[in-house]
Amino acid sequence: MTQARFQLTDAQKTQANEELFALLRIPSVSADPQHAGDMSRAAEFLRAKLAGLGFDARVDSTEGHPIVYAERLKAPGKPTVLIYGHYDVQPEAPLEEWVSPPFEPTVREGRIYARGATDDKGQAYAHVLGAELLLESGELPVNVKFLLEGEEEVGSQHLEPYLRQKAQALKCDAIVISDGSRFAPDVPTVTYGLRGLSYIEVHVQGANRDLHSGSYGGAAPNPINALCEIIAQLKDDKGRVTIPGFYDGIEALTQDERDMWAQLPHSDAEFASSIGATGLKGEEGYTTLEQLWARPTLDVNGIWGGYQGEGSKTVIPAKAGAKISMRLVPGQDPERITKLAMDHLPTLAPVGAQVTVVAMHGGQPVKIDLDNPYVRAAGAALKTVYGKEAAFTRGGGSIPIVAAFREILQAPVVLVDFGLNEDAPHSPNESFALADFHSGILTSAELLREMAQIDVQ
Ligand SMILES: [Zn+2]
C-alpha cells in the first residue's frame, strides 16, 4: 500500500514562510568581509533549527566562512543521504534596481523577493522543512546529513579540503543538491549530468615591438592575423572541433536520451529570440539541447591585441592573445583535453608567429546513470508532488563542487532543482515563488521516503 501524499496546511505554510523570511533577513554576503558577523548568524540560525529537530548539529569553522553540519542517523539499514546547500548569498548590488529591499523579504504576486530567496536559502531551507515534515509524522525513514556551506558564491574554496578531511564521517549513499533551475515552470526536473571545463589562454608574438604598418606592412608577421588564422582552424564547417583526439572516448548519447529530450518543450526560434540572436550555429547532427548538454564546445571568450582606442593608429602589433574555454562531456578528461590543445595550437601557427598556450583551470564533467536508484527516486518524488512525469536533463554548465562530492565521497549526486531561471538568481529582484518553496518542501519529504525503499548492503 502506498502512503498518502504529504500536504502542507495553511498554518504550516505560514510558519515555513516566516522561518525562511527570518533567514533571508540575515545579509550573509560571503564576498564582503563586513558581513562576517552575518555569516555566523546565518550559520547559527540553521544549526539551531536543525538541533531543534533532533539533529546532531554544529557549526564547523574553516579558514573561511563556517560550514553547518548536522546529522540524524536513526534509520539503521537504510540509505544515508547527504543534503548539500549554501547559506551565503551574492552581493545585492546594484541596490537601486531592487523594487523592495534585498534583505527585507517581500511577497508580490506569489513570489518572495529577497537576495538568496532561490539561491540558495529558499531551496536549502525547503530540505530542512522537508525533514521536519517527515519527523512530524514519526521518524526520518533514511539517515540524513546536512552540509550547508557559506562560500559557494565565492568559489567554495574551503569545501574540498573539508570533504577530504571528513570523508569518513560524511560517507553517504547519495548526495542531494537543490541549487539551480528546473527546465521550465511546468516541468519538474532531475539533472543527471553537467559539463566539465578546460580553459586556456593563447599568446602570439610577432615582431619584438609594434611596427609602422606602412613601413613594415606586407612583409612583417602580424600576430592578430595569425591568431585569427589559428582560431579559424579550430572548428570545421560542421561545427566540430578539429583538435586531434578531442572527441576520443566521449560517451555517446543514447537513443533513449535523445528521445527523452526531443519531447521537452523547446523551440529553437524562441531560444534564439530569448538571447536576441538572429540564428543558432551549433554542431551539425545534434539538436540544440543535445549541443548544450551532451556535446563539447570550443569558444573564444576574449581576444586582444593592437590598438583599441579612439580613431585610428596604423600599427602592426607585436602581440595578440585570446582566452578559450572548452566545455567537456563525460569521457573527456580536462587535463588530457588541455594537453591536446596545448600541443595542437602551436602547429597551426603561420610563419613568424610564436605561439604559447597557457593552461588556466579545468573541471571534470559529471554524469549519473539514469537507472541509478537515487536518480529514479528523485523522478518518483517529483511525480508524486507535481502529478506529472519528471524530465531528466543535463546541465550545460559546470558546478565544480558536484565533481568534488562525487570523487571524494564516491556517491551519486542527484540534482533536484526547485527554482527557475526567471527567479533571477544573482540579479536584482531575485525571487522564489511561494508555490515552488512549498513544492520543494514536499518534494524533499517524498524524496527521502522514496530513497528509504532502496536496498543498501
Ligand atoms: Zn547557489
# chains A, B, ... in the order shown; residues from 1 in each chain; ligands from 1

$ closest_atom_pairs --of "chain A" --to "ligand 1" --cutoff "7 Å" --atoms "only C-alpha atoms and all ligand atoms" --output "Markdown table"
| residue | atom | partner | partner_atom_place_in_ligand_line | distance |
| --- | --- | --- | --- | --- |
| A:His86 | CA | ligand 1 | 1 (Zn) | 6.6 |
| A:Asp119 | CA | ligand 1 | 1 (Zn) | 4.4 |
| A:Asp120 | CA | ligand 1 | 1 (Zn) | 4.8 |
| A:Glu152 | CA | ligand 1 | 1 (Zn) | 6.4 |
| A:Glu153 | CA | ligand 1 | 1 (Zn) | 6.7 |
| A:Asp179 | CA | ligand 1 | 1 (Zn) | 4.9 |
| A:Gly180 | CA | ligand 1 | 1 (Zn) | 6.7 |

$ closest_atom_pairs --of "range 110-175 of chain A" --to "range 355-375 of chain A" --cutoff "12 Å" --atoms "only C-alpha atoms" --output "CSV"
residue,atom,partner,partner_atom,distance
A:Cys172,CA,A:Tyr374,CA,11.9
A:Asp173,CA,A:Tyr374,CA,8.6
A:Ala174,CA,A:Tyr374,CA,6.8
A:Ile175,CA,A:Tyr374,CA,9.0

$ select_by_dssp --residues "range 89-236 of chain A" --states "alpha helix (DSSP H)" --output "JSON, numbers by chain"
{"A": [121, 122, 123, 124, 125, 126, 127, 128, 129, 130, 131, 132, 133, 134, 135, 136, 159, 160, 161, 162, 163, 164, 165, 223, 224, 225, 226, 227, 228, 229, 230, 231, 232]}

$ residues_around --residues "Thr393 in chain A" --least-positions-apart "6" --cutoff "8 Å" --atoms "only C-alpha atoms" --output "list in words"
Phe183, Thr189, Val190, Thr191, Tyr192, Gly193, Trp261 and Trp293 of chain A

$ residues_around --residues "Leu50 in chain A" --least-positions-apart "2" --cutoff "12 Å" --atoms "only C-alpha atoms" --output "PyMOL selection string"
chain A and resi 43-48+52-59+68-72+125+127-132+135+144-148

$ decode --residues "range 350-439 of chain A" --atoms "C-alpha atoms" --output "JSON list (two decimals), in the first residue's frame"
[["chain", "number", "residue", "atom", "x", "y", "z"],
["A", 350, "PRO", "CA", 51.83, 30.68, -39.59],
["A", 351, "VAL", "CA", 55.49, 31.57, -40.22],
["A", 352, "GLY", "CA", 56.73, 34.32, -37.94],
["A", 353, "ALA", "CA", 54.14, 33.77, -35.20],
["A", 354, "GLN", "CA", 55.38, 32.33, -31.93],
["A", 355, "VAL", "CA", 52.54, 30.68, -30.06],
["A", 356, "THR", "CA", 52.42, 29.93, -26.34],
["A", 357, "VAL", "CA", 49.44, 28.19, -24.77],
["A", 358, "VAL", "CA", 48.86, 28.53, -21.03],
["A", 359, "ALA", "CA", 46.59, 26.18, -19.07],
["A", 360, "MET", "CA", 44.21, 28.11, -16.82],
["A", 361, "HIS", "CA", 41.79, 25.87, -14.97],
["A", 362, "GLY", "CA", 39.54, 22.91, -15.51],
["A", 363, "GLY", "CA", 36.77, 20.80, -14.08],
["A", 364, "GLN", "CA", 35.53, 17.26, -14.55],
["A", 365, "PRO", "CA", 32.27, 16.54, -16.33],
["A", 366, "VAL", "CA", 29.74, 14.53, -14.33],
["A", 367, "LYS", "CA", 27.06, 12.09, -15.34],
["A", 368, "ILE", "CA", 24.99, 9.84, -13.12],
["A", 369, "ASP", "CA", 23.48, 6.72, -14.67],
["A", 370, "LEU", "CA", 19.84, 7.27, -15.46],
["A", 371, "ASP", "CA", 18.97, 3.93, -13.94],
["A", 372, "ASN", "CA", 20.71, 4.77, -10.69],
["A", 373, "PRO", "CA", 18.07, 4.12, -7.99],
["A", 374, "TYR", "CA", 18.64, 7.50, -6.33],
["A", 375, "VAL", "CA", 18.08, 9.31, -9.61],
["A", 376, "ARG", "CA", 14.94, 7.26, -10.14],
["A", 377, "ALA", "CA", 13.78, 8.05, -6.61],
["A", 378, "ALA", "CA", 14.02, 11.75, -7.40],
["A", 379, "GLY", "CA", 11.89, 11.25, -10.50],
["A", 380, "ALA", "CA", 9.28, 9.35, -8.49],
["A", 381, "ALA", "CA", 9.18, 12.02, -5.76],
["A", 382, "LEU", "CA", 8.65, 14.79, -8.31],
["A", 383, "LYS", "CA", 5.91, 12.80, -10.00],
["A", 384, "THR", "CA", 4.09, 12.42, -6.69],
["A", 385, "VAL", "CA", 4.31, 16.13, -5.87],
["A", 386, "TYR", "CA", 3.72, 17.64, -9.32],
["A", 387, "GLY", "CA", 1.40, 14.96, -10.66],
["A", 388, "LYS", "CA", 3.40, 14.57, -13.85],
["A", 389, "GLU", "CA", 6.46, 12.76, -15.12],
["A", 390, "ALA", "CA", 9.76, 14.42, -14.29],
["A", 391, "ALA", "CA", 12.13, 15.39, -17.08],
["A", 392, "PHE", "CA", 15.67, 14.05, -16.88],
["A", 393, "THR", "CA", 18.00, 16.69, -18.21],
["A", 394, "ARG", "CA", 21.65, 17.60, -18.07],
["A", 395, "GLY", "CA", 23.18, 20.99, -17.49],
["A", 396, "GLY", "CA", 25.48, 22.78, -19.89],
["A", 397, "GLY", "CA", 27.45, 24.49, -17.14],
["A", 398, "SER", "CA", 29.87, 23.15, -14.61],
["A", 399, "ILE", "CA", 29.42, 23.01, -10.84],
["A", 400, "PRO", "CA", 32.90, 22.14, -9.56],
["A", 401, "ILE", "CA", 31.63, 21.03, -6.14],
["A", 402, "VAL", "CA", 29.49, 18.37, -7.78],
["A", 403, "ALA", "CA", 32.55, 16.68, -9.23],
["A", 404, "ALA", "CA", 34.33, 17.08, -5.88],
["A", 405, "PHE", "CA", 31.45, 15.45, -3.99],
["A", 406, "ARG", "CA", 31.34, 12.61, -6.43],
["A", 407, "GLU", "CA", 35.06, 12.00, -6.39],
["A", 408, "ILE", "CA", 35.65, 12.35, -2.65],
["A", 409, "LEU", "CA", 32.51, 10.75, -1.25],
["A", 410, "GLN", "CA", 32.13, 8.23, -4.09],
["A", 411, "ALA", "CA", 28.37, 8.60, -4.18],
["A", 412, "PRO", "CA", 25.92, 9.67, -6.89],
["A", 413, "VAL", "CA", 24.90, 13.32, -6.90],
["A", 414, "VAL", "CA", 21.21, 13.96, -7.55],
["A", 415, "LEU", "CA", 20.35, 17.49, -8.62],
["A", 416, "VAL", "CA", 16.71, 18.33, -7.99],
["A", 417, "ASP", "CA", 16.15, 21.98, -8.66],
["A", 418, "PHE", "CA", 13.13, 23.80, -7.26],
["A", 419, "GLY", "CA", 13.97, 27.19, -8.80],
["A", 420, "LEU", "CA", 13.53, 28.72, -12.23],
["A", 421, "ASN", "CA", 15.74, 30.94, -14.38],
["A", 422, "GLU", "CA", 13.10, 33.64, -14.05],
["A", 423, "ASP", "CA", 13.85, 33.71, -10.29],
["A", 424, "ALA", "CA", 16.83, 35.83, -11.39],
["A", 425, "PRO", "CA", 19.46, 34.40, -9.06],
["A", 426, "HIS", "CA", 22.48, 36.75, -8.75],
["A", 427, "SER", "CA", 20.42, 39.60, -10.26],
["A", 428, "PRO", "CA", 18.49, 42.45, -8.65],
["A", 429, "ASN", "CA", 14.96, 41.44, -7.57],
["A", 430, "GLU", "CA", 15.88, 37.80, -7.05],
["A", 431, "SER", "CA", 12.73, 35.89, -6.14],
["A", 432, "PHE", "CA", 11.31, 32.45, -5.41],
["A", 433, "ALA", "CA", 7.69, 31.50, -5.97],
["A", 434, "LEU", "CA", 5.96, 30.57, -2.73],
["A", 435, "ALA", "CA", 4.43, 27.62, -4.58],
["A", 436, "ASP", "CA", 7.92, 26.44, -5.56],
["A", 437, "PHE", "CA", 9.13, 26.77, -1.97],
["A", 438, "HIS", "CA", 6.21, 24.71, -0.72],
["A", 439, "SER", "CA", 6.57, 22.12, -3.51]]
